[in-house]
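Raw contents of coords-v1.txt, compact mmCIF, N, CA and C atoms:
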# COMPACT_ATOMS: atom_id res chain seq x y z
N MET A 1 0.85 -1.17 0.00
CA MET A 1 0.00 0.00 0.00
C MET A 1 0.90 1.24 0.00
N ALA A 2 0.46 2.24 -0.66
CA ALA A 2 1.22 3.49 -0.76
C ALA A 2 1.31 4.16 0.60
N LYS A 3 2.42 4.85 0.82
CA LYS A 3 2.58 5.59 2.07
C LYS A 3 1.67 6.81 2.04
N GLY A 4 1.21 7.20 3.20
CA GLY A 4 0.34 8.36 3.29
C GLY A 4 0.62 9.13 4.56
N ASN A 5 -0.16 10.11 4.79
CA ASN A 5 -0.04 10.91 6.00
C ASN A 5 -0.86 10.27 7.11
N GLY A 6 -0.32 10.31 8.31
CA GLY A 6 -1.06 9.78 9.44
C GLY A 6 -2.19 10.70 9.83
N THR A 7 -3.28 10.12 10.27
CA THR A 7 -4.43 10.89 10.72
C THR A 7 -4.94 10.26 12.01
N THR A 8 -5.27 11.08 12.95
CA THR A 8 -5.81 10.59 14.20
C THR A 8 -7.24 11.08 14.35
N PHE A 9 -8.11 10.16 14.73
CA PHE A 9 -9.48 10.56 15.05
C PHE A 9 -10.00 9.62 16.11
N TYR A 10 -11.07 10.01 16.75
CA TYR A 10 -11.63 9.25 17.85
C TYR A 10 -13.00 8.72 17.47
N LEU A 11 -13.27 7.51 17.93
CA LEU A 11 -14.57 6.89 17.71
C LEU A 11 -15.36 6.92 19.01
N SER A 12 -16.66 7.01 18.89
CA SER A 12 -17.47 6.93 20.10
C SER A 12 -17.35 5.51 20.67
N GLU A 13 -17.54 5.40 21.95
CA GLU A 13 -17.34 4.13 22.64
C GLU A 13 -18.21 3.01 22.08
N ASP A 14 -19.38 3.34 21.57
CA ASP A 14 -20.25 2.30 21.04
C ASP A 14 -19.78 1.76 19.69
N LEU A 15 -18.94 2.51 18.96
CA LEU A 15 -18.45 2.04 17.67
C LEU A 15 -17.24 1.13 17.77
N VAL A 16 -16.45 1.28 18.82
CA VAL A 16 -15.22 0.50 18.96
C VAL A 16 -15.50 -1.01 18.94
N PRO A 17 -16.47 -1.52 19.71
CA PRO A 17 -16.73 -2.96 19.64
C PRO A 17 -17.18 -3.43 18.26
N LEU A 18 -17.94 -2.58 17.55
CA LEU A 18 -18.38 -2.95 16.20
C LEU A 18 -17.19 -3.04 15.24
N VAL A 19 -16.30 -2.08 15.33
CA VAL A 19 -15.11 -2.09 14.48
C VAL A 19 -14.24 -3.29 14.83
N ASP A 20 -14.10 -3.57 16.11
CA ASP A 20 -13.30 -4.72 16.53
C ASP A 20 -13.91 -6.04 16.06
N LYS A 21 -15.23 -6.12 16.06
CA LYS A 21 -15.89 -7.33 15.58
C LYS A 21 -15.64 -7.51 14.08
N LEU A 22 -15.74 -6.43 13.34
CA LEU A 22 -15.46 -6.49 11.91
C LEU A 22 -13.99 -6.83 11.66
N LYS A 23 -13.11 -6.26 12.45
CA LYS A 23 -11.67 -6.56 12.35
C LYS A 23 -11.43 -8.05 12.50
N GLN A 24 -12.08 -8.64 13.46
CA GLN A 24 -11.92 -10.08 13.70
C GLN A 24 -12.49 -10.89 12.54
N ARG A 25 -13.67 -10.53 12.07
CA ARG A 25 -14.30 -11.26 10.96
C ARG A 25 -13.50 -11.15 9.67
N ARG A 26 -12.92 -9.97 9.43
CA ARG A 26 -12.12 -9.77 8.22
C ARG A 26 -10.70 -10.31 8.40
N GLN A 27 -10.34 -10.62 9.64
CA GLN A 27 -9.00 -11.09 9.98
C GLN A 27 -7.94 -10.04 9.65
N ASP A 28 -8.29 -8.78 9.89
CA ASP A 28 -7.33 -7.69 9.73
C ASP A 28 -6.36 -7.72 10.90
N SER A 29 -5.13 -7.33 10.65
CA SER A 29 -4.12 -7.35 11.71
C SER A 29 -4.27 -6.17 12.67
N THR A 30 -4.85 -5.08 12.20
CA THR A 30 -5.00 -3.91 13.06
C THR A 30 -6.37 -3.27 12.86
N ARG A 31 -6.78 -2.50 13.85
CA ARG A 31 -8.01 -1.73 13.74
C ARG A 31 -7.89 -0.71 12.62
N ALA A 32 -6.68 -0.16 12.45
CA ALA A 32 -6.45 0.83 11.40
C ALA A 32 -6.71 0.23 10.01
N ALA A 33 -6.33 -1.02 9.81
CA ALA A 33 -6.57 -1.68 8.51
C ALA A 33 -8.07 -1.79 8.25
N THR A 34 -8.83 -2.11 9.28
CA THR A 34 -10.28 -2.22 9.13
C THR A 34 -10.88 -0.86 8.81
N LEU A 35 -10.45 0.17 9.50
CA LEU A 35 -10.98 1.51 9.25
C LEU A 35 -10.59 2.00 7.86
N ARG A 36 -9.37 1.70 7.41
CA ARG A 36 -8.97 2.06 6.04
C ARG A 36 -9.90 1.41 5.03
N PHE A 37 -10.19 0.11 5.23
CA PHE A 37 -11.10 -0.59 4.34
C PHE A 37 -12.47 0.08 4.32
N LEU A 38 -13.00 0.39 5.49
CA LEU A 38 -14.33 1.02 5.56
C LEU A 38 -14.35 2.37 4.87
N ILE A 39 -13.31 3.16 5.04
CA ILE A 39 -13.24 4.47 4.39
C ILE A 39 -13.14 4.31 2.89
N LEU A 40 -12.26 3.42 2.43
CA LEU A 40 -12.10 3.21 0.99
C LEU A 40 -13.39 2.68 0.36
N ARG A 41 -14.05 1.75 1.05
CA ARG A 41 -15.30 1.20 0.53
C ARG A 41 -16.36 2.29 0.41
N SER A 42 -16.44 3.15 1.40
CA SER A 42 -17.41 4.26 1.35
C SER A 42 -17.10 5.22 0.21
N LEU A 43 -15.82 5.55 0.04
CA LEU A 43 -15.43 6.43 -1.06
C LEU A 43 -15.76 5.79 -2.41
N ALA A 44 -15.55 4.50 -2.52
CA ALA A 44 -15.86 3.79 -3.77
C ALA A 44 -17.36 3.81 -4.04
N GLU A 45 -18.15 3.53 -3.02
CA GLU A 45 -19.61 3.51 -3.19
C GLU A 45 -20.16 4.88 -3.53
N LEU A 46 -19.49 5.93 -3.08
CA LEU A 46 -19.92 7.29 -3.40
C LEU A 46 -19.41 7.76 -4.76
N GLY A 47 -18.60 6.93 -5.41
CA GLY A 47 -18.13 7.24 -6.75
C GLY A 47 -16.84 8.02 -6.82
N TYR A 48 -16.09 8.07 -5.74
CA TYR A 48 -14.85 8.85 -5.72
C TYR A 48 -13.61 8.05 -6.11
N LEU A 49 -13.74 6.74 -6.26
CA LEU A 49 -12.59 5.91 -6.62
C LEU A 49 -12.78 5.34 -8.02
N PRO A 50 -11.67 5.15 -8.75
CA PRO A 50 -11.77 4.58 -10.09
C PRO A 50 -12.13 3.09 -10.03
N SER A 51 -12.54 2.57 -11.17
CA SER A 51 -13.01 1.18 -11.26
C SER A 51 -11.98 0.18 -10.77
N ASN A 52 -10.70 0.40 -11.09
CA ASN A 52 -9.69 -0.57 -10.68
C ASN A 52 -9.57 -0.67 -9.16
N GLN A 53 -9.73 0.44 -8.46
CA GLN A 53 -9.71 0.39 -7.00
C GLN A 53 -10.99 -0.24 -6.46
N LYS A 54 -12.11 -0.02 -7.12
CA LYS A 54 -13.36 -0.66 -6.70
C LYS A 54 -13.24 -2.17 -6.84
N ARG A 55 -12.66 -2.62 -7.95
CA ARG A 55 -12.46 -4.07 -8.14
C ARG A 55 -11.54 -4.64 -7.07
N ALA A 56 -10.49 -3.91 -6.73
CA ALA A 56 -9.56 -4.37 -5.71
C ALA A 56 -10.24 -4.53 -4.36
N LEU A 57 -11.26 -3.73 -4.11
CA LEU A 57 -12.03 -3.83 -2.87
C LEU A 57 -13.15 -4.87 -2.97
N GLY A 58 -13.31 -5.45 -4.14
CA GLY A 58 -14.36 -6.45 -4.34
C GLY A 58 -15.73 -5.84 -4.51
N LEU A 59 -15.80 -4.58 -4.94
CA LEU A 59 -17.08 -3.90 -5.06
C LEU A 59 -17.59 -3.83 -6.49
N GLU A 60 -16.74 -4.12 -7.44
CA GLU A 60 -17.14 -4.03 -8.84
C GLU A 60 -16.55 -5.22 -9.58
N LEU A 61 -17.40 -5.94 -10.26
CA LEU A 61 -16.93 -7.07 -11.03
C LEU A 61 -16.29 -6.59 -12.32
N PRO A 62 -15.28 -7.31 -12.80
CA PRO A 62 -14.71 -6.93 -14.10
C PRO A 62 -15.79 -6.92 -15.16
N SER A 63 -15.75 -5.94 -16.02
CA SER A 63 -16.80 -5.83 -17.03
C SER A 63 -16.64 -6.93 -18.07
N THR A 64 -17.76 -7.46 -18.49
CA THR A 64 -17.78 -8.43 -19.57
C THR A 64 -18.71 -7.90 -20.64
N ASN A 65 -18.44 -8.25 -21.84
CA ASN A 65 -19.26 -7.77 -22.94
C ASN A 65 -20.34 -8.80 -23.28
N GLN A 66 -21.06 -9.20 -22.29
CA GLN A 66 -22.12 -10.17 -22.49
C GLN A 66 -23.46 -9.43 -22.42
N ASN A 67 -24.19 -9.50 -23.51
CA ASN A 67 -25.52 -8.93 -23.53
C ASN A 67 -26.51 -10.05 -23.36
N ILE A 68 -27.32 -9.97 -22.36
CA ILE A 68 -28.32 -11.00 -22.10
C ILE A 68 -29.65 -10.47 -22.61
N GLU A 69 -30.19 -11.17 -23.58
CA GLU A 69 -31.47 -10.77 -24.13
C GLU A 69 -32.50 -11.83 -23.85
N ALA A 70 -33.70 -11.41 -23.55
CA ALA A 70 -34.78 -12.36 -23.25
C ALA A 70 -35.38 -12.90 -24.51
Would you write out, as structure tokens, the structure that this file holds?
Amino acid sequence: MAKGNGTTFYLSEDLVPLVDKLKQRRQDSTRAATLRFLILRSLAELGYLPSNQKRALGLELPSTNQNIEA
């Protein structure tokens, strides 16, 4: 992953257990990795990331030129 600037922010106490549960389910090594994923996924869903990054996050399937007609 590319190097970036560090950012610090605080979560409300009720969000920490939810993030930790997701961290465990995703088998992320750190809480920061889980939060990075959540931020990137949100940016992708809002249309701020290019298709290749969406695919890397598993949010967009590679395009196929298959036309399905009834």
One number please: atom CA of A:Gly58 to atom C of A:Lys21, in Å, one decimal. 18.5 Å
Spatial neighbours of stretch 44-47 of chain A, max dist 12 Å, only C-alpha atoms, sep filter under 4 positions, as a PDB file with N, CA and C atoms, keeping the file's coordinate frame:
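Saved as part.pdb:
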ATOM      1  N   PHE A  37     -10.190   0.110   5.230  1.00  0.00           N
ATOM      2  CA  PHE A  37     -11.100  -0.590   4.340  1.00  0.00           C
ATOM      3  C   PHE A  37     -12.470   0.080   4.320  1.00  0.00           C
ATOM      4  N   LEU A  38     -13.000   0.390   5.490  1.00  0.00           N
ATOM      5  CA  LEU A  38     -14.330   1.020   5.560  1.00  0.00           C
ATOM      6  C   LEU A  38     -14.350   2.370   4.870  1.00  0.00           C
ATOM      7  N   ILE A  39     -13.310   3.160   5.040  1.00  0.00           N
ATOM      8  CA  ILE A  39     -13.240   4.470   4.390  1.00  0.00           C
ATOM      9  C   ILE A  39     -13.140   4.310   2.890  1.00  0.00           C
ATOM     10  N   LEU A  40     -12.260   3.420   2.430  1.00  0.00           N
ATOM     11  CA  LEU A  40     -12.100   3.210   0.990  1.00  0.00           C
ATOM     12  C   LEU A  40     -13.390   2.680   0.360  1.00  0.00           C
ATOM     13  N   SER A  51     -12.540   2.570 -11.170  1.00  0.00           N
ATOM     14  CA  SER A  51     -13.010   1.180 -11.260  1.00  0.00           C
ATOM     15  C   SER A  51     -11.980   0.180 -10.770  1.00  0.00           C
ATOM     16  N   ASN A  52     -10.700   0.400 -11.090  1.00  0.00           N
ATOM     17  CA  ASN A  52      -9.690  -0.570 -10.680  1.00  0.00           C
ATOM     18  C   ASN A  52      -9.570  -0.670  -9.160  1.00  0.00           C
ATOM     19  N   GLN A  53      -9.730   0.440  -8.460  1.00  0.00           N
ATOM     20  CA  GLN A  53      -9.710   0.390  -7.000  1.00  0.00           C
ATOM     21  C   GLN A  53     -10.990  -0.240  -6.460  1.00  0.00           C
ATOM     22  N   LYS A  54     -12.110  -0.020  -7.120  1.00  0.00           N
ATOM     23  CA  LYS A  54     -13.360  -0.660  -6.700  1.00  0.00           C
ATOM     24  C   LYS A  54     -13.240  -2.170  -6.840  1.00  0.00           C
ATOM     25  N   ARG A  55     -12.660  -2.620  -7.950  1.00  0.00           N
ATOM     26  CA  ARG A  55     -12.460  -4.070  -8.140  1.00  0.00           C
ATOM     27  C   ARG A  55     -11.540  -4.640  -7.070  1.00  0.00           C
ATOM     28  N   ALA A  56     -10.490  -3.910  -6.730  1.00  0.00           N
ATOM     29  CA  ALA A  56      -9.560  -4.370  -5.710  1.00  0.00           C
ATOM     30  C   ALA A  56     -10.240  -4.530  -4.360  1.00  0.00           C
ATOM     31  N   LEU A  57     -11.260  -3.730  -4.110  1.00  0.00           N
ATOM     32  CA  LEU A  57     -12.030  -3.830  -2.870  1.00  0.00           C
ATOM     33  C   LEU A  57     -13.150  -4.870  -2.970  1.00  0.00           C
ATOM     34  N   GLY A  58     -13.310  -5.450  -4.140  1.00  0.00           N
ATOM     35  CA  GLY A  58     -14.360  -6.450  -4.340  1.00  0.00           C
ATOM     36  C   GLY A  58     -15.730  -5.840  -4.510  1.00  0.00           C
ATOM     37  N   LEU A  59     -15.800  -4.580  -4.940  1.00  0.00           N
ATOM     38  CA  LEU A  59     -17.080  -3.900  -5.060  1.00  0.00           C
ATOM     39  C   LEU A  59     -17.590  -3.830  -6.490  1.00  0.00           C
ATOM     40  N   GLU A  60     -16.740  -4.120  -7.440  1.00  0.00           N
ATOM     41  CA  GLU A  60     -17.140  -4.030  -8.840  1.00  0.00           C
ATOM     42  C   GLU A  60     -16.550  -5.220  -9.580  1.00  0.00           C
TER      43      GLU A  60
END
In chain A, what's alpha helix (DSSP H) per DSSP? Answer as an MDAnalysis selection string? chainID A and resid 15:26 31:45 51:56
One number please: atom N of A:Arg25 to atom C of A:Leu43, in Å, one decimal. 21.9 Å
For stretch 28-53 of chain A versus stretch 12-16 of chain A, which residues have an atom no more than 12 Å away, and what is each residue's nearest atom pair and distance in Å rounded to one decimal, using only C-alpha atoms, chain-then-number order, as CSV?
residue,atom,partner,partner_atom,distance
A:Arg31,CA,A:Val16,CA,9.2
A:Ala32,CA,A:Val16,CA,11.6
A:Thr34,CA,A:Val16,CA,11.3
A:Leu35,CA,A:Val16,CA,10.6
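As for atom C of A:Thr7 and atom C of A:Val19, they are spaced 16.7 Å apart.
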